[in-house]
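Single-structure report; data block below.
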Amino acid sequence: MSLLSKLLYLRVKVEYSPEKIETLGIDETKPFVYVLSSDSSISKSILWEEINRNHLPKPKNNEFPLNRTVLANQKLERIWNRKTNYQDFEQEITAVIKHNQQHPDQSLQLVPVSVFLGRAPNKDHGFFKIIFSEKWGITGRFRKFISLLIHGKHTLVRLGKPIVVDKEMTASQQADKLAKKISRVLRVHAMRVKTSVVGRDLSHRRTIARNIIKRPAVQLEIKSYAERRQISIEKAQKEAEKIIREIAADYSYGVIKLMHRIFRWFWTRVYDGVKLNFFEELQTISTSREVIYTPCHRSHIDYLILSYSLYEKGLVPPHIAAGINLNLPVVGRILRRSGAFFIRRSFNSILYSTIFSEYLSSLIAHGVAVEYFIEGTRSRTGRLLHPKAGMLAMTVRSYLNERSKPLIFQPSSLNYEKLMEGGSYRKELGGGEKKKESLGGLLKARKVLKDEYGRLTVNFSEPIELNDILDKHKPNWRELKLGIKEKPPWFKKVVNDTGNQILTKINESAHVNPINLLAITLLSTPNRSATEDNLKTQIHLYRSLLLGAPYSQRTTITELSEDEIINTGIRLKFIEKIAHPLGDVIKVRDEVAVLMTYYRNNILHLFAASSFIAMFFVNMKAVSRKEVLRMMAIVYPFIKNELFLKWSREEFVSYGRTVINTFKSLNLITTDRLTLKRHIGGSKQAAQLRVLANALMQTYERFFIVIAILQSQPEGSLSNSELETQCHQVASQLSLLYEFNSPDFFDKALFRQFINVLKTEKIIHTNDQGKIIPSDNITPIFNGAKTILSKRTRHSILHLL
């Protein structure tokens with residue numbers, strides 16, 4: 001170890017991005033060299049020390065005409081009036097290209113490397129701009145020294161995929177021109193990497209506020225606001241300044257670094273770790289795209305987990321849209337300094353909506369990553385909530401009017417084995433009122449540190465390119481700009497399509513954890529209990545179904561064994577084991593029975609097809625394959641809307657064929673030509689099918705309630721709201737009488753969505769008086785329900801009408 005390296009490593013602790021170097025595709029059997037973005041002695045020393053410690057593969061150039069194996073694209077000359085020199089690197093690469101042209105069988109890999117001593121964003125002005133600028137100016141070496149002292153423990157080495165100089169690249173190319181091109185490509189890559197790791201230049205909150213207020217759209221609305229309220233321009237200006245101060249984040253790298261330390265302790269103290277899946281693609285694409293993070297919203301922890309995880313993995317944390325209810329004393333300031341900007345629940349002021357829209361436009365135009373929750377609020381039932389269009393509409397409009405690079409939405413599924421808010425959710429699901437956030441409530445929440453919450457898993461979905469959606473609905477969108485009040489029909493289609501795609505992608509990237517499997521199994525059994533052996537068998541079946549007929553390539557399943565899954569449920573206090581001489585019984589604890597529906601609902605969509613097919617064997621021993629697939633085609637639009645399923649109708653039917661084949665391979669059913677048969681009643685397979693059918697039975701019972709009410713009432717006697725109310729009343733009474741134990745069973749919103757799909761599918765329509773008129777198509781649906789629902793259930797519903 002050199003003397004410089006010894007001194008450096010008193011302060012330096014290196015993290016890598018990506019963590020798995022092999023994902024870069026470097027072929028270590030062939031020559032490769034590292035290319036630093038700049039010729040820094042400190043960066044070179046850190047890189048060589050990591051190579052010597054075998055943390056990085058050792059470069060080799062073999063017979064290529066290079067005197068070194070660590071190159072630098074940029075070199076700074078002189079002590080004063082320093083100037084940038086790219087010529088030395090270009091000359092080295094020119095020699096490499098000429099060598100390859102003479103020896104086309106030899107190739108060289110150029111591996112880009114950037115070294116970051118801390119990840120503090122630049123400021124727009126002031127003394128710290130001079131000290132901490134990423135550029136090596138007059139005070140560059142001093143800045144590097146200060147950065148090493150302050151940020152050395154947070155050193156990040158970011159590597160990129162290699163550029164391969166081979167015969168395909170160099171054929172018929174002029175060596176010096178190609179070398180300049182490679183140098184430019186590496187410079188652009190280094191700039192994009194720096195943006196994704198460090199972020200754009202950030203101003204102080206007061207500067208941001210001043211710039212937003214000066215925008216033409218805001219100034220125009222201030223004048224209109226003053227006229228409407230009959231107040232002076234100065235007073236309207238002060239009101240606008242107050243609004244932007246309420247909204248704007250005040251990003252502080254120091255606070256981010258402090259919160260990172262706190263949450264690193266927090267995750268290991270409270271959770272059994274945080275696991276990120278499918279992060280590598282995001283890491284690659286984030287250098288060339290404006291990223292809008294759109295995770296599902298299940299807990300207040302959601303605000304923290306993505307920021308922590310992205311920072312931990314070497315990406316700049318996003319600015320997060322947080323509800324104004326979280327702007328609490330002390331806490332609000334910490335959140336604001338961590339990148340949160342605050343949003344009111346409703347935009348009942350044109351001035352407010354204009355300022356907020358312009359603020360969001362400013363973030364997007366400057367390439368600042370943003371995070372928000374399109375569901376609008378945390379889900380209390382475990383189901384995804386239908387998207388709220390507000391933030392999406394402002395994002396699309398901002399992108400149309402101001403854009404620096406292509407924009408992607410990055411959905412992600414956040415999966416908790418145990419929610420911190422489980423207690424409050426349980427009360428709300430039981431009919432209690434939602435408590436408002438308060439500082440006192442947060443202080444009381446300290447007791448959560450005494451409990452266990454299992455593992456937290458984040459699955460990143462495939463990104464959604466906004467350009468593709470715009471091209472689909474408005475091919476000439478690049479020529480357009482939209483005012484804040486403009487909402488043409490195509491714009492609404494873009495927003496709705498984007499929202500549905502985001503939620504569908506979230507469901508595609510679901511993670512199935514131990515509590516999900518326990519919930520979907522035990523809630524489908526009598527008394528919410530099963531013998532330990534039967535429970536293990538059913539869990540194994542669910543795992544086999546998910547592997548045999550996978551929902552998506554991004555759906556992940558716990559790697560724990562059946563015994564470990566049960567032990568996890570006991571440890572997290574969801575289930576209990578009751579000893580019995582004929583075999584131990586596993587039972588859902590009474591106090592969490594309602595809450596368990598939350599964890600079941602997280603993964604219901606994964607069994608939409610298999611549970612539906614299993615329902616046919618509840619009442620029948622045999623059914624034709626054709627009838628099963630026909631009914632799947634009929635019901636699909638309704639469950640697609642409720643569960644945000646990814647398929648078209650034809651794809652769902654095709655997936656049904658895959659599920660049927662999986663059933664057969666697992667010996668759940670047998671086939672006789674075109675007929676599907678279950679095993680005899682009382683068999684293990686028949687019992688497994690019944691439990692599987694019960695997983696989504698309530699969904700179809702809810703559908704039957706709507707159809708049955710329409711069938712029982714005179715034509716044109718019910719309006720939409722009256723039908724919703726009747727459905728809610730029947731379902732809630734059924735829940736009381738037969739202990740369905742699922743508050744979302746009688747959720748008015750789910751009935752409303754089903755009624756809307758009935759209209760879309762032309763099963764019903766409304767007359768001029770707003771009354772519902774069923775079509776002849778409603779009868780086949782009513783009769784089809786007889787095939788899958790038990791006689792007891794149908795008669796219970798009909799008896800209440």
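Identifiers in the structure tokens: chain A, B, ... in order shown; residue index from 1 per chain; ligand index from 1 in order shown.
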
**Filtered DSSP result for region 233-398 of chain A, state strand (DSSP E or B), as an MDAnalysis selection string** = chainID A and resid 274:277 290:295 319:323 340:343 370:371

**Asked** What are the DSSP helix (DSSP H, G or I) residues of region 589-683 of chain A, as a PyMOL selection string?
**Response** chain A and resi 590-601+604-619+625-643+649-665

**Request:** Determine, counting only C-alpha atoms, which protein, DNA and RNA residues have an atom within 9 Å of an atom of Leu518 (chain A); residues of the same chain fewer than 4 positions away are not included. Present the result as a list in words.
**Result:**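 That gives Asn513, Pro514, Leu522, Leu523, Leu535, Ile539, Ile565, Ile566, Gly569, Phe574, Ile575, Val588, Met596, Tyr599 and Arg600 of chain A.
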
Contacts of region 347-363 of chain A within 9 Å, only C-alpha atoms, excl. fewer than 4 positions in-chain, as a short mmCIF file (atom, residue, chain, number, x, y, z; two decimals) with C-alpha atoms, in the first residue's frame:
data_model
loop_
_atom_site.label_atom_id
_atom_site.label_comp_id
_atom_site.auth_asym_id
_atom_site.auth_seq_id
_atom_site.Cartn_x
_atom_site.Cartn_y
_atom_site.Cartn_z
CA ILE A 208 -36.59 28.59 -5.43
CA ALA A 209 -39.59 30.49 -4.08
CA ILE A 212 -41.36 30.33 -9.01
CA ILE A 213 -43.12 33.59 -8.16
CA ARG A 215 -42.80 32.76 -13.63
CA ALA A 217 -48.09 31.92 -15.34
CA VAL A 218 -47.82 32.71 -11.63
CA GLU A 221 -52.63 34.40 -11.78
CA ILE A 222 -51.51 36.79 -9.01
CA SER A 224 -56.30 37.63 -11.51
CA TYR A 225 -56.36 36.64 -7.83
CA ALA A 240 -48.40 33.61 -3.30
CA ILE A 243 -48.07 29.33 -0.59
CA ILE A 244 -44.71 28.53 -2.20
CA ILE A 247 -44.97 23.82 -0.63
CA ALA A 248 -41.25 23.92 -1.41
CA HIS A 319 -38.14 14.99 -3.86
CA ILE A 343 -49.32 19.18 -0.94
CA GLY A 367 -34.16 16.89 -14.04
CA VAL A 368 -34.91 16.45 -10.31
CA ALA A 369 -36.25 12.99 -9.44
CA VAL A 370 -39.72 13.13 -7.87
CA MET A 391 -50.42 14.76 -9.67
CA MET A 394 -49.69 18.07 -13.53
CA THR A 395 -46.73 15.84 -14.36
CA ARG A 397 -48.70 18.90 -18.46
CA SER A 398 -45.32 19.96 -17.02
CA TYR A 399 -43.54 17.52 -19.31
CA ASN A 401 -44.48 22.38 -21.54
CA GLU A 402 -40.94 21.94 -20.17
CA ARG A 403 -38.70 18.92 -20.55
CA ILE A 484 -53.09 25.07 -16.64
#

**Residues near Leu604 (chain A), cut-off 9 Å, only C-alpha atoms, skip fewer than 5 positions along chain, as a list in words** = Arg383, Ile520, Leu643, Ala695 and Leu696 of chain A

With C-alpha atoms retained, export the selected residues as an mmCIF file, in the first residue's frame.
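Output file result-v1.cif is given in full below:
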data_model
loop_
_atom_site.group_PDB
_atom_site.id
_atom_site.type_symbol
_atom_site.label_atom_id
_atom_site.label_comp_id
_atom_site.auth_asym_id
_atom_site.auth_seq_id
_atom_site.Cartn_x
_atom_site.Cartn_y
_atom_site.Cartn_z
ATOM 1 C CA ARG A 383 -55.945 -3.498 -2.239
ATOM 2 C CA ILE A 520 -54.771 -16.326 2.008
ATOM 3 C CA LEU A 643 -57.596 -6.171 -9.186
ATOM 4 C CA ALA A 695 -59.614 -17.091 -1.734
ATOM 5 C CA LEU A 696 -61.620 -14.966 -4.206
#

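Near Tyr551 (chain A), within 9 Å and counting only C-alpha atoms, sit Glu508, His605, Leu606, Phe607, Lys646 and Tyr655 of chain A, not including residues fewer than 6 positions from it in the same chain.
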
Could you write out that same residue set with C-alpha atoms as an mmCIF file, in the first residue's frame?
data_model
loop_
_atom_site.group_PDB
_atom_site.id
_atom_site.type_symbol
_atom_site.label_atom_id
_atom_site.label_comp_id
_atom_site.auth_asym_id
_atom_site.auth_seq_id
_atom_site.Cartn_x
_atom_site.Cartn_y
_atom_site.Cartn_z
ATOM 1 C CA GLU A 508 -46.900 -7.327 -11.620
ATOM 2 C CA HIS A 605 -54.632 -10.742 -8.005
ATOM 3 C CA LEU A 606 -51.997 -13.482 -8.305
ATOM 4 C CA PHE A 607 -54.714 -16.122 -7.850
ATOM 5 C CA LYS A 646 -52.318 -7.130 -16.656
ATOM 6 C CA TYR A 655 -53.372 -17.916 -19.044
#

Can you tell me, as a PDB file with N, CA, C and O atoms, in the first residue's frame, what residues are no more than 6 Å from region 19-36 of chain A when counting only C-alpha atoms, ignoring any on the same chain fewer than 2 positions away?
ATOM      1  N   TYR A  16     -19.943   0.379  -3.490  1.00  0.00           N
ATOM      2  CA  TYR A  16     -19.939   0.180  -4.944  1.00  0.00           C
ATOM      3  C   TYR A  16     -21.335   0.293  -5.523  1.00  0.00           C
ATOM      4  O   TYR A  16     -22.331  -0.028  -4.875  1.00  0.00           O
ATOM      5  N   SER A  17     -21.374   0.769  -6.751  1.00  0.00           N
ATOM      6  CA  SER A  17     -22.618   0.789  -7.503  1.00  0.00           C
ATOM      7  C   SER A  17     -22.272   0.405  -8.951  1.00  0.00           C
ATOM      8  O   SER A  17     -21.502   1.119  -9.606  1.00  0.00           O
ATOM      9  N   SER A  38     -11.973  11.891 -14.526  1.00  0.00           N
ATOM     10  CA  SER A  38     -10.956  12.957 -14.453  1.00  0.00           C
ATOM     11  C   SER A  38      -9.682  12.401 -13.840  1.00  0.00           C
ATOM     12  O   SER A  38      -9.717  11.410 -13.095  1.00  0.00           O
ATOM     13  N   PRO A  59      -7.142  -4.848 -13.946  1.00  0.00           N
ATOM     14  CA  PRO A  59      -7.151  -4.592 -15.395  1.00  0.00           C
ATOM     15  C   PRO A  59      -5.899  -5.129 -16.078  1.00  0.00           C
ATOM     16  O   PRO A  59      -4.855  -5.318 -15.439  1.00  0.00           O
ATOM     17  N   LYS A  60      -5.997  -5.354 -17.378  1.00  0.00           N
ATOM     18  CA  LYS A  60      -4.841  -5.814 -18.160  1.00  0.00           C
ATOM     19  C   LYS A  60      -5.022  -5.337 -19.595  1.00  0.00           C
ATOM     20  O   LYS A  60      -6.126  -5.345 -20.131  1.00  0.00           O
ATOM     21  N   ASN A  61      -3.931  -4.880 -20.191  1.00  0.00           N
ATOM     22  CA  ASN A  61      -4.033  -4.388 -21.574  1.00  0.00           C
ATOM     23  C   ASN A  61      -3.269  -5.257 -22.565  1.00  0.00           C
ATOM     24  O   ASN A  61      -3.286  -4.999 -23.771  1.00  0.00           O
ATOM     25  N   THR A  69      -3.008   0.987 -17.089  1.00  0.00           N
ATOM     26  CA  THR A  69      -4.299   0.294 -17.187  1.00  0.00           C
ATOM     27  C   THR A  69      -5.423   1.072 -16.512  1.00  0.00           C
ATOM     28  O   THR A  69      -6.557   0.610 -16.488  1.00  0.00           O
ATOM     29  N   VAL A  70      -5.103   2.229 -15.949  1.00  0.00           N
ATOM     30  CA  VAL A  70      -6.125   3.151 -15.446  1.00  0.00           C
ATOM     31  C   VAL A  70      -5.948   4.465 -16.182  1.00  0.00           C
ATOM     32  O   VAL A  70      -4.955   5.178 -15.977  1.00  0.00           O
ATOM     33  N   LEU A  71      -6.885   4.772 -17.074  1.00  0.00           N
ATOM     34  CA  LEU A  71      -6.808   5.979 -17.883  1.00  0.00           C
ATOM     35  C   LEU A  71      -7.715   7.052 -17.284  1.00  0.00           C
ATOM     36  O   LEU A  71      -8.516   6.782 -16.394  1.00  0.00           O
ATOM     37  N   ALA A  72      -7.574   8.256 -17.793  1.00  0.00           N
ATOM     38  CA  ALA A  72      -8.440   9.362 -17.367  1.00  0.00           C
ATOM     39  C   ALA A  72      -8.853  10.152 -18.589  1.00  0.00           C
ATOM     40  O   ALA A  72      -8.001  10.574 -19.386  1.00  0.00           O
ATOM     41  N   LEU A 108     -10.361  -4.428 -26.828  1.00  0.00           N
ATOM     42  CA  LEU A 108     -10.090  -3.834 -25.515  1.00  0.00           C
ATOM     43  C   LEU A 108     -11.378  -3.261 -24.945  1.00  0.00           C
ATOM     44  O   LEU A 108     -12.125  -2.556 -25.625  1.00  0.00           O
ATOM     45  N   GLN A 109     -11.632  -3.576 -23.678  1.00  0.00           N
ATOM     46  CA  GLN A 109     -12.816  -3.068 -22.995  1.00  0.00           C
ATOM     47  C   GLN A 109     -12.446  -1.824 -22.170  1.00  0.00           C
ATOM     48  O   GLN A 109     -11.503  -1.861 -21.381  1.00  0.00           O
ATOM     49  N   LEU A 110     -13.202  -0.741 -22.387  1.00  0.00           N
ATOM     50  CA  LEU A 110     -13.014   0.495 -21.622  1.00  0.00           C
ATOM     51  C   LEU A 110     -14.127   0.563 -20.576  1.00  0.00           C
ATOM     52  O   LEU A 110     -15.298   0.713 -20.917  1.00  0.00           O
ATOM     53  N   VAL A 111     -13.763   0.448 -19.299  1.00  0.00           N
ATOM     54  CA  VAL A 111     -14.753   0.409 -18.213  1.00  0.00           C
ATOM     55  C   VAL A 111     -14.818   1.787 -17.549  1.00  0.00           C
ATOM     56  O   VAL A 111     -13.873   2.199 -16.882  1.00  0.00           O
ATOM     57  N   PRO A 112     -15.933   2.534 -17.713  1.00  0.00           N
ATOM     58  CA  PRO A 112     -16.033   3.870 -17.105  1.00  0.00           C
ATOM     59  C   PRO A 112     -16.125   3.778 -15.577  1.00  0.00           C
ATOM     60  O   PRO A 112     -16.836   2.924 -15.036  1.00  0.00           O
ATOM     61  N   VAL A 113     -15.423   4.678 -14.901  1.00  0.00           N
ATOM     62  CA  VAL A 113     -15.430   4.708 -13.434  1.00  0.00           C
ATOM     63  C   VAL A 113     -15.564   6.158 -12.969  1.00  0.00           C
ATOM     64  O   VAL A 113     -14.885   7.054 -13.482  1.00  0.00           O
ATOM     65  N   SER A 114     -16.452   6.387 -12.008  1.00  0.00           N
ATOM     66  CA  SER A 114     -16.561   7.696 -11.362  1.00  0.00           C
ATOM     67  C   SER A 114     -16.430   7.492  -9.862  1.00  0.00           C
ATOM     68  O   SER A 114     -17.021   6.570  -9.300  1.00  0.00           O
ATOM     69  N   LYS A 161     -21.056  -0.061 -17.758  1.00  0.00           N
ATOM     70  CA  LYS A 161     -20.820  -1.169 -18.680  1.00  0.00           C
ATOM     71  C   LYS A 161     -19.690  -0.805 -19.643  1.00  0.00           C
ATOM     72  O   LYS A 161     -19.576   0.345 -20.077  1.00  0.00           O
TER      73      LYS A 161
END

**Request:** Check the smallest atom-to-atom distance from each of A:Met259, A:Ala593, A:Ala708, A:Leu789 to Pro743 (chain A) using only C-alpha atoms, then report the winner.
**Result:**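 Comparing A:Met259, A:Ala593, A:Ala708, A:Leu789 against Pro743 (chain A), the winner is A:Ala593.
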
**Complete:** Judged by only C-alpha atoms, the minimum distance to Glu280 (chain A) among A:Ser232, A:Ile182, A:Glu239, A:Gly160 is found for A:Gly160

**Request:** Figure out the distance between CA of Gly454 (chain A) and CA of Ile506 (chain A), please, to one decimal in Å.
**Result:** 21.3 Å

**Request:** For CA of Val653 (chain A) and CA of Ile705 (chain A), determine how far apart the two atoms are, in Å to one decimal place.
**Result:** 24.8 Å
